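Source file: model_35.cif (mmCIF, C-alpha atoms)
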data_query
#
loop_
_atom_site.group_PDB
_atom_site.id
_atom_site.type_symbol
_atom_site.label_atom_id
_atom_site.label_comp_id
_atom_site.auth_asym_id
_atom_site.auth_seq_id
_atom_site.Cartn_x
_atom_site.Cartn_y
_atom_site.Cartn_z
ATOM 1 C CA MET A 1095 -4.709 -17.832 2.319
ATOM 2 C CA ASP A 1096 -4.993 -16.522 5.897
ATOM 3 C CA GLN A 1097 -6.161 -13.187 4.465
ATOM 4 C CA LEU A 1098 -8.966 -14.983 2.630
ATOM 5 C CA LEU A 1099 -10.113 -16.820 5.766
ATOM 6 C CA VAL A 1100 -9.991 -13.755 8.021
ATOM 7 C CA SER A 1101 -11.774 -11.437 5.603
ATOM 8 C CA THR A 1102 -14.371 -14.156 4.850
ATOM 9 C CA ALA A 1103 -15.063 -14.587 8.572
ATOM 10 C CA VAL A 1104 -15.268 -10.822 9.173
ATOM 11 C CA GLY A 1105 -17.497 -10.303 6.123
ATOM 12 C CA PHE A 1106 -19.772 -13.140 7.194
ATOM 13 C CA GLY A 1107 -20.117 -11.920 10.780
ATOM 14 C CA VAL A 1108 -20.677 -8.263 9.946
ATOM 15 C CA ILE A 1109 -23.195 -8.850 7.158
ATOM 16 C CA PHE A 1110 -25.021 -11.631 9.018
ATOM 17 C CA ALA A 1111 -25.525 -9.189 11.917
ATOM 18 C CA ALA A 1112 -26.469 -6.356 9.545
ATOM 19 C CA GLU A 1113 -29.104 -8.476 7.839
ATOM 20 C CA LEU A 1114 -30.904 -9.370 11.084
ATOM 21 C CA GLY A 1115 -34.153 -7.405 11.015
ATOM 22 C CA ASP A 1116 -33.212 -5.727 7.720
ATOM 23 C CA LYS A 1117 -35.887 -5.058 5.098
ATOM 24 C CA SER A 1118 -34.468 -7.659 2.711
ATOM 25 C CA GLN A 1119 -34.733 -10.256 5.486
ATOM 26 C CA LEU A 1120 -38.360 -9.201 5.922
ATOM 27 C CA MET A 1121 -38.816 -9.642 2.155
ATOM 28 C CA ALA A 1122 -37.361 -13.162 2.390
ATOM 29 C CA LEU A 1123 -39.844 -13.959 5.139
ATOM 30 C CA THR A 1124 -42.699 -12.554 3.043
ATOM 31 C CA PHE A 1125 -41.642 -14.578 -0.001
ATOM 32 C CA ALA A 1126 -41.443 -17.697 2.182
ATOM 33 C CA THR A 1127 -45.140 -17.385 2.976
ATOM 34 C CA ARG A 1128 -45.946 -17.708 -0.744
ATOM 35 C CA TYR A 1129 -43.255 -19.848 -2.376
ATOM 36 C CA ARG A 1130 -41.055 -22.860 -1.691
ATOM 37 C CA PRO A 1131 -37.775 -22.003 0.082
ATOM 38 C CA TRP A 1132 -35.203 -23.295 -2.457
ATOM 39 C CA PRO A 1133 -36.027 -20.980 -5.386
ATOM 40 C CA ILE A 1134 -36.076 -18.063 -2.933
ATOM 41 C CA ILE A 1135 -32.676 -18.954 -1.481
ATOM 42 C CA ALA A 1136 -31.199 -19.501 -4.974
ATOM 43 C CA ALA A 1137 -32.459 -16.111 -6.164
ATOM 44 C CA ILE A 1138 -31.213 -14.380 -3.004
ATOM 45 C CA THR A 1139 -27.779 -15.971 -3.511
ATOM 46 C CA VAL A 1140 -27.472 -14.776 -7.124
ATOM 47 C CA ALA A 1141 -28.797 -11.272 -6.365
ATOM 48 C CA THR A 1142 -26.614 -10.882 -3.272
ATOM 49 C CA GLY A 1143 -23.526 -12.176 -5.058
ATOM 50 C CA ALA A 1144 -23.977 -9.593 -7.811
ATOM 51 C CA VAL A 1145 -24.715 -6.638 -5.506
ATOM 52 C CA HIS A 1146 -21.884 -7.492 -3.117
ATOM 53 C CA LEU A 1147 -19.407 -7.939 -5.979
ATOM 54 C CA ALA A 1148 -20.257 -4.398 -7.102
ATOM 55 C CA SER A 1149 -19.932 -3.264 -3.467
ATOM 56 C CA VAL A 1150 -16.445 -4.780 -3.145
ATOM 57 C CA VAL A 1151 -15.329 -3.127 -6.402
ATOM 58 C CA LEU A 1152 -16.684 0.216 -5.169
ATOM 59 C CA GLY A 1153 -15.019 -0.270 -1.776
ATOM 60 C CA ALA A 1154 -11.702 -1.123 -3.443
ATOM 61 C CA ALA A 1155 -11.873 2.085 -5.494
ATOM 62 C CA VAL A 1156 -12.671 4.167 -2.401
ATOM 63 C CA GLY A 1157 -9.920 2.483 -0.385
ATOM 64 C CA ALA A 1158 -7.338 3.094 -3.114
ATOM 65 C CA ALA A 1159 -8.281 6.773 -3.431
ATOM 66 C CA LEU A 1160 -8.169 7.726 0.260
ATOM 67 C CA PRO A 1161 -5.441 7.592 2.924
ATOM 68 C CA THR A 1162 -5.615 4.602 5.298
ATOM 69 C CA THR A 1163 -6.459 6.633 8.420
ATOM 70 C CA ALA A 1164 -9.270 8.463 6.622
ATOM 71 C CA VAL A 1165 -10.729 5.135 5.454
ATOM 72 C CA ALA A 1166 -10.510 3.698 8.990
ATOM 73 C CA VAL A 1167 -12.194 6.759 10.551
ATOM 74 C CA ALA A 1168 -14.914 6.750 7.872
ATOM 75 C CA ALA A 1169 -15.430 3.017 8.439
ATOM 76 C CA GLY A 1170 -15.744 3.502 12.203
ATOM 77 C CA LEU A 1171 -18.272 6.299 11.801
ATOM 78 C CA ALA A 1172 -20.162 4.294 9.181
ATOM 79 C CA PHE A 1173 -20.460 1.285 11.486
ATOM 80 C CA ILE A 1174 -21.742 3.477 14.323
ATOM 81 C CA GLY A 1175 -24.275 4.863 11.826
ATOM 82 C CA PHE A 1176 -25.245 1.303 10.804
ATOM 83 C CA GLY A 1177 -25.796 0.548 14.500
ATOM 84 C CA VAL A 1178 -28.137 3.514 14.895
ATOM 85 C CA TRP A 1179 -29.906 2.509 11.657
ATOM 86 C CA THR A 1180 -30.350 -1.012 13.044
ATOM 87 C CA PHE A 1181 -31.656 0.280 16.421
ATOM 88 C CA ARG A 1182 -34.267 2.262 14.493
ATOM 89 C CA GLY A 1183 -35.544 -0.922 12.831
ATOM 90 C CA ASP A 1184 -36.565 -1.590 9.272
ATOM 91 C CA SER A 1185 -39.832 -2.275 7.509
ATOM 92 C CA LEU A 1186 -41.058 -2.819 3.989
ATOM 93 C CA ASP A 1187 -42.519 0.180 2.195
ATOM 94 C CA GLU A 1188 -45.539 -0.223 -0.111
ATOM 95 C CA ASP A 1189 -43.447 -0.841 -3.256
ATOM 96 C CA GLU A 1190 -41.334 -3.515 -1.523
ATOM 97 C CA GLU A 1191 -44.444 -5.139 -0.044
ATOM 98 C CA GLU A 1192 -46.003 -5.208 -3.526
ATOM 99 C CA ARG A 1193 -42.853 -6.738 -5.087
ATOM 100 C CA ALA A 1194 -42.809 -9.407 -2.370
ATOM 101 C CA SER A 1195 -46.432 -10.368 -3.045
ATOM 102 C CA ARG A 1196 -46.364 -10.150 -6.862
ATOM 103 C CA THR A 1197 -47.068 -13.218 -8.950
ATOM 104 C CA GLY A 1198 -46.969 -13.800 -12.698
ATOM 105 C CA ARG A 1199 -43.215 -14.119 -13.239
ATOM 106 C CA SER A 1200 -41.020 -16.987 -12.257
ATOM 107 C CA VAL A 1201 -40.301 -17.086 -8.521
ATOM 108 C CA PHE A 1202 -36.549 -16.921 -9.162
ATOM 109 C CA VAL A 1203 -36.765 -13.782 -11.334
ATOM 110 C CA THR A 1204 -39.262 -12.074 -9.005
ATOM 111 C CA VAL A 1205 -37.142 -12.671 -5.906
ATOM 112 C CA ALA A 1206 -33.820 -11.822 -7.601
ATOM 113 C CA VAL A 1207 -35.100 -8.511 -9.017
ATOM 114 C CA ALA A 1208 -36.751 -7.570 -5.708
ATOM 115 C CA PHE A 1209 -33.542 -8.292 -3.786
ATOM 116 C CA VAL A 1210 -31.281 -6.349 -6.140
ATOM 117 C CA LEU A 1211 -33.586 -3.335 -5.881
ATOM 118 C CA ALA A 1212 -33.922 -3.665 -2.088
ATOM 119 C CA GLU A 1213 -30.146 -3.912 -1.599
ATOM 120 C CA LEU A 1214 -29.160 -0.833 -3.603
ATOM 121 C CA GLY A 1215 -28.054 1.681 -0.976
ATOM 122 C CA ASP A 1216 -29.081 -0.622 1.890
ATOM 123 C CA LYS A 1217 -26.943 -0.952 5.023
ATOM 124 C CA THR A 1218 -25.643 -4.412 4.024
ATOM 125 C CA MET A 1219 -24.421 -3.023 0.700
ATOM 126 C CA LEU A 1220 -22.844 -0.020 2.420
ATOM 127 C CA ALA A 1221 -21.284 -2.246 5.090
ATOM 128 C CA THR A 1222 -19.721 -4.388 2.332
ATOM 129 C CA VAL A 1223 -18.351 -1.249 0.636
ATOM 130 C CA THR A 1224 -16.925 -0.159 4.002
ATOM 131 C CA LEU A 1225 -15.266 -3.531 4.639
ATOM 132 C CA ALA A 1226 -13.753 -3.643 1.145
ATOM 133 C CA ALA A 1227 -12.397 -0.100 1.495
ATOM 134 C CA ARG A 1228 -10.084 -1.437 4.219
ATOM 135 C CA ASP A 1229 -8.914 -4.463 2.198
ATOM 136 C CA GLU A 1230 -5.515 -4.397 0.526
ATOM 137 C CA SER A 1231 -5.119 -7.623 -1.459
ATOM 138 C CA PHE A 1232 -7.022 -9.794 -3.906
ATOM 139 C CA TRP A 1233 -7.551 -12.426 -1.190
ATOM 140 C CA GLU A 1234 -9.029 -9.869 1.212
ATOM 141 C CA TYR A 1235 -11.399 -8.578 -1.482
ATOM 142 C CA ALA A 1236 -12.388 -12.148 -2.382
ATOM 143 C CA GLY A 1237 -12.950 -12.984 1.280
ATOM 144 C CA THR A 1238 -15.064 -9.875 1.854
ATOM 145 C CA TRP A 1239 -17.215 -10.726 -1.167
ATOM 146 C CA LEU A 1240 -17.567 -14.389 -0.201
ATOM 147 C CA GLY A 1241 -18.191 -13.731 3.495
ATOM 148 C CA SER A 1242 -20.665 -10.892 2.932
ATOM 149 C CA THR A 1243 -22.610 -12.905 0.356
ATOM 150 C CA VAL A 1244 -22.766 -16.055 2.489
ATOM 151 C CA GLY A 1245 -23.555 -14.010 5.618
ATOM 152 C CA MET A 1246 -26.542 -12.358 3.990
ATOM 153 C CA VAL A 1247 -27.833 -15.564 2.433
ATOM 154 C CA ALA A 1248 -27.445 -17.372 5.780
ATOM 155 C CA ALA A 1249 -29.366 -14.658 7.650
ATOM 156 C CA ASP A 1250 -32.151 -14.689 5.059
ATOM 157 C CA ALA A 1251 -32.292 -18.505 5.004
ATOM 158 C CA LEU A 1252 -32.506 -18.444 8.796
ATOM 159 C CA ALA A 1253 -35.452 -16.028 8.564
ATOM 160 C CA ILE A 1254 -37.161 -18.285 6.045
ATOM 161 C CA VAL A 1255 -36.715 -21.427 8.145
ATOM 162 C CA LEU A 1256 -37.423 -19.851 11.535
ATOM 163 C CA GLY A 1257 -40.283 -17.813 10.178
ATOM 164 C CA TYR A 1258 -41.827 -20.915 8.710
ATOM 165 C CA HIS A 1259 -41.504 -22.849 11.971
ATOM 166 C CA LEU A 1260 -41.907 -20.152 14.610
ATOM 167 C CA GLY A 1261 -44.086 -17.583 12.881
ATOM 168 C CA ARG A 1262 -44.078 -14.164 14.526
ATOM 169 C CA ARG A 1263 -42.841 -15.373 17.940
ATOM 170 C CA LEU A 1264 -39.270 -14.213 17.244
ATOM 171 C CA PRO A 1265 -38.317 -11.194 19.397
ATOM 172 C CA GLU A 1266 -37.702 -8.848 16.465
ATOM 173 C CA ARG A 1267 -36.826 -5.835 18.643
ATOM 174 C CA ALA A 1268 -34.302 -7.802 20.722
ATOM 175 C CA VAL A 1269 -32.602 -9.043 17.537
ATOM 176 C CA ALA A 1270 -32.398 -5.462 16.189
ATOM 177 C CA LEU A 1271 -30.965 -4.153 19.471
ATOM 178 C CA GLY A 1272 -28.306 -6.879 19.603
ATOM 179 C CA ALA A 1273 -27.270 -6.331 15.975
ATOM 180 C CA GLY A 1274 -27.207 -2.548 16.483
ATOM 181 C CA ALA A 1275 -25.022 -2.867 19.576
ATOM 182 C CA LEU A 1276 -22.608 -5.083 17.624
ATOM 183 C CA PHE A 1277 -22.320 -2.440 14.885
ATOM 184 C CA VAL A 1278 -21.654 0.349 17.384
ATOM 185 C CA LEU A 1279 -18.963 -1.742 19.109
ATOM 186 C CA ILE A 1280 -17.272 -2.461 15.761
ATOM 187 C CA GLY A 1281 -17.429 1.245 14.889
ATOM 188 C CA VAL A 1282 -15.896 2.292 18.212
ATOM 189 C CA TRP A 1283 -13.166 -0.334 17.859
ATOM 190 C CA LEU A 1284 -12.319 0.914 14.338
ATOM 191 C CA LEU A 1285 -12.137 4.531 15.559
ATOM 192 C CA VAL A 1286 -9.948 3.644 18.551
ATOM 193 C CA ASP A 1287 -7.702 1.575 16.306
ATOM 194 C CA ALA A 1288 -7.368 4.371 13.722
ATOM 195 C CA LEU A 1289 -7.015 7.359 16.026
ATOM 196 C CA LEU A 1290 -5.324 6.033 19.154
ATOM 197 C CA LEU A 1291 -3.520 2.841 18.219
ATOM 198 C CA GLY A 1292 -2.702 3.524 14.564
#
structure tokens encoding of this file:
Amino acid sequence: MDQLLVSTAVGFGVIFAAELGDKSQLMALTFATRYRPWPIIAAITVATGAVHLASVVLGAAVGAALPTTAVAVAAGLAFIGFGVWTFRGDSLDEDEEERASRTGRSVFVTVAVAFVLAELGDKTMLATVTLAARDESFWEYAGTWLGSTVGMVAADALAIVLGYHLGRRLPERAVALGAGALFVLIGVWLLVDALLLG
């Protein structure tokens, strides 16, 4: 049970930080300007749960196929890359902007489809794959899935609520810099652990 709690906490923290300033968080904010929050949050939860379940399965397959040190080094480099990606910032392209402003379908279906498409290959999906590649038991995989899903939903819900109340006064660049620095620190720690301490 300790494995479940630790991997849930790690998954939550990493994905919550990864989602800050991410394009799917920007989509959540855009949807919040048009629709009520609860259908948006419900759709984000279902879409994220599905994408992150696939990410954990993919990470488990990668972790089983590669030696532990190789996985740890790849994870460290990936997290440093996620940090650089986060420093760079994220924005919605025209297709994502159009999906976020589309009407005609149910809000739930519109948001869920937009989030699944936005998350494919996104840094939060790749970060979940990376975390799961280091897991070794069912409880760790379950914790990574649960923590990463709740972390993303919490970050998007925060954007919806804060965006509704504070508008554009949030220091978007400062949030991106802080999240990027956290990723780089995690990446360096993983590399030191794998190459020097392991």
A:Ala1141: which residues within 8 Å, counting only C-alpha atoms, same-chain residues fewer than 3 positions away excluded, as a ChimeraX atom specification? /A:1137-1138,1144-1145,1206-1207,1209-1210
Kindly indicate which residue among A:Ser1242, A:Thr1139, A:Thr1218, A:Ser1231 lies nearest to A:Lys1117, using all atoms listed in the file for the distances.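 Closest candidate: A:Thr1218.
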One decimal, in Å: what's the spacing between atom CA of A:Ala1159 and atom CA of A:Ala1227?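 Going from atom CA of A:Ala1159 over to atom CA of A:Ala1227 covers 9.4 Å.
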Excluding A:Ala1172 and its own-chain neighbours fewer than 3 positions away, which residues fall within 9 Å of it when counting only C-alpha atoms? Please give them as an mmCIF file with C-alpha atoms, in the frame of the given file.
data_model
loop_
_atom_site.group_PDB
_atom_site.id
_atom_site.type_symbol
_atom_site.label_atom_id
_atom_site.label_comp_id
_atom_site.auth_asym_id
_atom_site.auth_seq_id
_atom_site.Cartn_x
_atom_site.Cartn_y
_atom_site.Cartn_z
ATOM 1 C CA VAL A 1167 -12.194 6.759 10.551
ATOM 2 C CA ALA A 1168 -14.914 6.750 7.872
ATOM 3 C CA ALA A 1169 -15.430 3.017 8.439
ATOM 4 C CA GLY A 1175 -24.275 4.863 11.826
ATOM 5 C CA PHE A 1176 -25.245 1.303 10.804
ATOM 6 C CA GLY A 1177 -25.796 0.548 14.500
ATOM 7 C CA LEU A 1220 -22.844 -0.020 2.420
ATOM 8 C CA ALA A 1221 -21.284 -2.246 5.090
ATOM 9 C CA THR A 1224 -16.925 -0.159 4.002
ATOM 10 C CA GLY A 1281 -17.429 1.245 14.889
#
Calculated over all atoms listed in the file, which of the candidates A:Thr1124, A:Thr1243, A:Thr1163, A:Ser1149 has the smallest distance to A:Met1219?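 Among the listed residues, A:Ser1149 lies closest to A:Met1219.
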I'd like to see the residues matched by the PyMOL selection byres ((chain A and resi 1123) around 9) on this file, and ideally I'd get them as a list in words. Ser1118, Gln1119, Leu1120, Met1121, Ala1122, Thr1124, Phe1125, Ala1126, Thr1127, Asp1250, Ala1251, Ala1253, Ile1254, Val1255, Gly1257 and Tyr1258 of chain A
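Our summary of the geometry notes that atom CA of A:Ala1155 is positioned 22.8 Å from atom CA of A:Gly1245.
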Between atom CA of A:Trp1239 and atom CA of A:Val1150, measure the distance and give it in Å to one decimal.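 Distance reported for this atom pair: 6.3 Å.
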Measuring between only C-alpha atoms, which one of A:Gly1170, A:Gly1115, A:Gly1241, A:Pro1161 shows the shortest distance to A:Thr1222?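 Selected residue with least distance to A:Thr1222: A:Gly1241.
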Let me make sure I understand: among A:Val1282, A:Val1201, A:Leu1289, A:Val1178, which one has the smallest atom-to-atom distance to A:Lys1217 if we use all atoms listed in the file?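 The closest residue to A:Lys1217 is A:Val1178.
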Check which residues satisfy the PyMOL selection byres ((chain A and resi 1095) around 10) in the file shown, then give them as a list in words.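 Those residues are Asp1096, Gln1097, Leu1098, Leu1099, Val1100, Trp1233, Glu1234 and Gly1237 of chain A.
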As a PyMOL selection string, please: the residues near A:Ala1148 (cut-off 9 Å, all atoms listed in the file, same-chain neighbours under 5 positions excluded). chain A and resi 1143+1153+1219+1223
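Using all atoms listed in the file, the shortest contact distance between A:Leu1290 and any of A:Ala1166, A:Ala1236, A:Leu1252, A:Ala1103 is found at A:Ala1166.
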